[in-house]
Structure formats: C-alpha cells, structure tokens
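S.K.: Here you go, one structure.
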Amino acid sequence: MRSHKCLRAILVVVPAVHFFCVSPALVRGQDSAKAVLPKIRVAADGRTFTTADGQRFVPMGVTYYRPGTGWAPQVWKKFDAEATRQDFARMKQWGVNCVRVFLTYGSFLRDPDSLCEEGLTKFDQFLAIAEAAGIYVHPTGPDHWEGIPSWAAGDRIADERILAAVEGFWTRFAGRYRGRSALFAYDLLNEPEVGWDSPAMQSKWNAWLQNRYGSAEKAAQAWGVATSAVPWGKQSPPVAKDAPGDRQLLDYQHFREDVADTWTRRQAAAIKAADPQALVTVGMIQWSVPALLPGVRHYAAFRPARQARWLDFLEVHFYPLESGFYDYSSKQAEERNLAYLESVVREVAAPGKPVVVAEFGWYGGGKLTIDGGRHPAATDVQQSEWCSHAIRTTQGLATGWLNWGFYDQPEARDVSQRTGLFTSDGKPKAWAHDFRKLADAMRGQALPPARLGVRPALDWDRCVTSMQAGQRFREEYLKAFQSRRDGAGPSK
C-alpha cells in the first residue's frame, strides 16, 4: 500500500553478493527445530504452487499489522507476542494460510553492515508463532515503516551504496533462516518504483547512453535532434510529460527498466546464494503495468516480462482507482475497475509464472475520515462484493490473494482505516465471512488457466510515453471485458 498522498496524485491527474559466515547459534530452526509446515514450491505446471509433499497450495491471506500501533504501524517496535499468537489463531480459524509482514530499517537494518539482533529475536518469535498456527510467513524487504536511517535516505533503487547494503541484508537474513519451510517466499520490497531524477540516476543514465550510442552524434540522430542539443556525458533526464513515441523519453523509460532489473537481479542472487531453495518475488505496484499512469514519470519501470527472469513468481498490488477514488456508487464504476484489474493481472501473468495478487481490497463498514470525510460511507457488504469480484475476475490468471490488512486501522491516514477482514475491535466483517468461504473453496485446488477470450494488446512503449495511450487501451479493454460470454469475471 502506498501512502494516501501517492493515491491522491492519481485522483488529481486521472478523469555483488556480500558473503557472511552464519554461526550455528544464529540458525534457529534449520537443525534445532523440526519444521511443521511443508516447503512451498512452484508446481510442475509452472504457474501454480505445491507443497513439498505434493499438495496444491493457494496463498490466501493478509498483510499483518495490528491496530493501536500507530501509522505507519510499528509492527516490531510495539511487538506483542501474546497478542500476535491470538491473532494467528484467529487468522487460522478464518481461512488465512499466508501472512505478509513488513521488515523495516528501524528494527532490522539500522546500520548498513549488520542486522539488529533485537529485531531478529522478535522475528524468531513471530515465525515460531506462525509455524505453531500452521500459517506461512511472507517477509517483505526492509522499508520505511519504522523510520529510515540517514545512510539509507537517498535513492534506494539506484544508489549503489544502499543497494550493496540491502544485498548484505538478504545474505545475512536468508542465511539465518535457511531451510525454514514456514517461510513462503521473500518479497524484495513493497511497491518499488524507479525514481525519475537523482545524482545516482543522472550518472547511470549517462553511462547507459554511452553504452547504447557511443557518441552524441548517434544519440542525436536516434532522437531526431541537433548534436548541439545533446550535452554528452552531462545529459539530463527528459522532461516528464506526454510525448507519444518520443525516442528520448522511450530510451529513458527503457533505461529505468534496466535500473529495476539490476536492483532485482542482485538481491535475488544474494538470497539464492544464502538459501538456494528460497522463493523470491517482488511486490509490484499496479503502475508497473502502464495501463493507467498519473504521469509518465509514475511508470514504476518494474516490467513484469523482464523481472520474471530473476523471480520464482510474480506479485502485483491493485486498488480500484480507474474512475477516481472508488466509492461503490455504480455498477459501471465497478465494471471499469474490474476490467482494469484484469488487464493488469493479465500482463503480469503473461511470462507464464505463478502470480499472486499480494495486496488488494477496499473499504467498508462506514466512512473514512481522510480528505475531510468527503468519501461516501460504504457497507461491509459492498466491501465484500468488490473483494470477492476481484478474486473471481483474476482467478486462473492469479493463483493467490492477500488482502490489505487483517484488521481495520483507525489510525491510518489512507483507506487502510476500513480495509480489514475484522474491525479494529475484533469483530468479523462481511468480507471475513466471504473470505473464509473463498479460502475453503480454493484449498487444494489446481486453478486452471483463465479463459478470457479476445483482449486488446497493450502497446507498452506507447503507454510509457503517453497517459492518453493508456486511457485508450483501457476503453478498448473495457469493451472486450464487457462482451465476455465464456464465464470469465464475476458471476452476476
């Protein structure tokens, strides 16, 4: 989940591995504890999951944080083992089999060259609680939730120093938990996006141009500009505005994809060197697919077809923003959002690897207090209908779904206030009941590929240089989505 500030931007615009010797004392559970859950693997079909003992596995779960721990939630700084144990027992009762949880700089990586023992001890407890409950844990790479140390305050995607530190983090962390079968997979980061301009990006952009063109003259020829307009070795990023098919802008978007590829490749390699059996993915934000962008600079540049080379499976996050801040006001708005959802997940599924919709949901059970309370109230039933339709629409394209939050979080400064399966005081919402039914129905299922019928192709290069191209694509996709007659999409 991105901050509400980031979501608001959409509403306004849219009508080298580091080696580490792991001591036996640190390897909790590898030799000293017996695994209670079978290891999850990618199935032989390449697009679903199975357990090591041959059972089908469909991840159905939540991202875990507790109410009353602030916003952003202080999952580890305010860690309560007994409350967490009770939560896991409740989650198990309500069909949850996988819990995604954020790791943080503040509790795990305050210094670039070492891990924080206090945070690791809490994660040991967390993992043991999950194992006892029979629920898999899906840790997400170090992020800002509990503060950012000064050394990590720069460009966390392009800055070489920060990337090297995070490689070291994964070498140590994955080495410590090597062989723990209760770990479903490692998610490198929540919703990474390559930035548009920074000192690191400037330097890498000019190195990329040198490698691609070799001279100002060749670059100028490719871009259709005068050589004098290309300050070789000091080229700034292009202006971030719509320029359909513009060669310089397209080069910059391809360069940004290369930056994302390097970031993913190096972290995945660090994990695999420490634990060859670990599954690795990254939680891509929905504008990793450029069907809808608030601006060309917002393209995340984590292109699924390219990222798939280094990942065991793919993840994407989605919220219904196609028609603005979705408020359940019409079936037409729902159709547009479901069509947009299908188009995004279809692109993520195209490489042929398993896909998990690792964040999704929307609000229900009352009003939001954000934006001065201007958003209309939504009922529990409306929340559950949207979430259920989202799963049915993507079933067969995706093979796992993780709701955003187990509890509502009144302290949140975004839609997380009311996206939980449970209210903040522990009462099950309509979505909890329907989630459990869906989880029961999915358990052990093979989930055959979706039959979508004819769908328009996404002109990727056009869409990363033009918001309007994405809008035209969505209109075409909506028409195809609405004409489906093969049972795809939600039942009505």
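Identifiers in this document derive from the order of the structure tokens: chains are assigned A, B, ..., residues are numbered from 1 separately in each chain, and ligands are numbered from 1 in order of occurrence.
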Can you pull out the residues contacting A:Gln86? Cut-off 12 Å, using only C-alpha atoms, and skip same-chain residues under 2 positions away; I want them as a PyMOL selection string.

M.R.: chain A and resi 66+80-84+88-93+126+129-130+132-133+426

S.K.: Next, the residues of the selection above should be written as an mmCIF file, in the first residue's frame with C-alpha atoms.

M.R.:
data_model
loop_
_atom_site.group_PDB
_atom_site.id
_atom_site.type_symbol
_atom_site.label_atom_id
_atom_site.label_comp_id
_atom_site.auth_asym_id
_atom_site.auth_seq_id
_atom_site.Cartn_x
_atom_site.Cartn_y
_atom_site.Cartn_z
ATOM 1 C CA ARG A 66 -2.254 -4.501 14.417
ATOM 2 C CA ASP A 80 3.351 -8.140 21.451
ATOM 3 C CA ALA A 81 3.989 -11.887 21.234
ATOM 4 C CA GLU A 82 0.811 -12.900 23.055
ATOM 5 C CA ALA A 83 -1.445 -10.624 21.017
ATOM 6 C CA THR A 84 0.238 -11.913 17.855
ATOM 7 C CA PHE A 88 -2.653 -16.065 14.299
ATOM 8 C CA ALA A 89 -5.101 -18.417 15.979
ATOM 9 C CA ARG A 90 -7.940 -16.213 14.761
ATOM 10 C CA MET A 91 -6.490 -15.931 11.250
ATOM 11 C CA LYS A 92 -6.221 -19.709 11.009
ATOM 12 C CA GLN A 93 -9.847 -20.034 12.045
ATOM 13 C CA PHE A 126 6.851 -14.314 15.002
ATOM 14 C CA ILE A 129 4.014 -18.435 16.310
ATOM 15 C CA ALA A 130 3.145 -18.768 12.626
ATOM 16 C CA ALA A 132 2.530 -23.329 15.500
ATOM 17 C CA ALA A 133 -0.619 -21.950 13.865
ATOM 18 C CA GLY A 426 -12.028 -7.719 16.570
#

S.K.: Neighbours of A:Phe169 within 12 Å (only C-alpha atoms; same-chain residues fewer than 4 positions away dropped), as JSON, numbers by chain?

M.R.: {"A": [17, 18, 19, 20, 103, 104, 105, 108, 109, 110, 111, 112, 113, 114, 115, 116, 120, 141, 142, 162, 163, 164, 165, 173, 174, 175, 176, 188, 266, 267, 268, 270, 271, 274]}

S.K.: For a quick check of understanding, using only C-alpha atoms, which of A:Thr63, A:Thr423, A:Thr394, A:Ser198 has the smallest distance to A:Ala349?

M.R.: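 The closest residue to A:Ala349 is A:Thr394.
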
S.K.: Of the residues A:Asp434, A:Glu385, A:Glu347, A:Glu359, which is the one nearest to A:Ala308, using only C-alpha atoms?

M.R.: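 Checking each of A:Asp434, A:Glu385, A:Glu347, A:Glu359 against A:Ala308, counting only C-alpha atoms, the winner is A:Glu347.
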
S.K.: Nearest to A:Thr50: which of A:His317, A:Pro67, A:Asn403, A:Gln445 is it, counting only C-alpha atoms?

M.R.: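 That would be A:Gln445, the residue with the smallest distance to A:Thr50.
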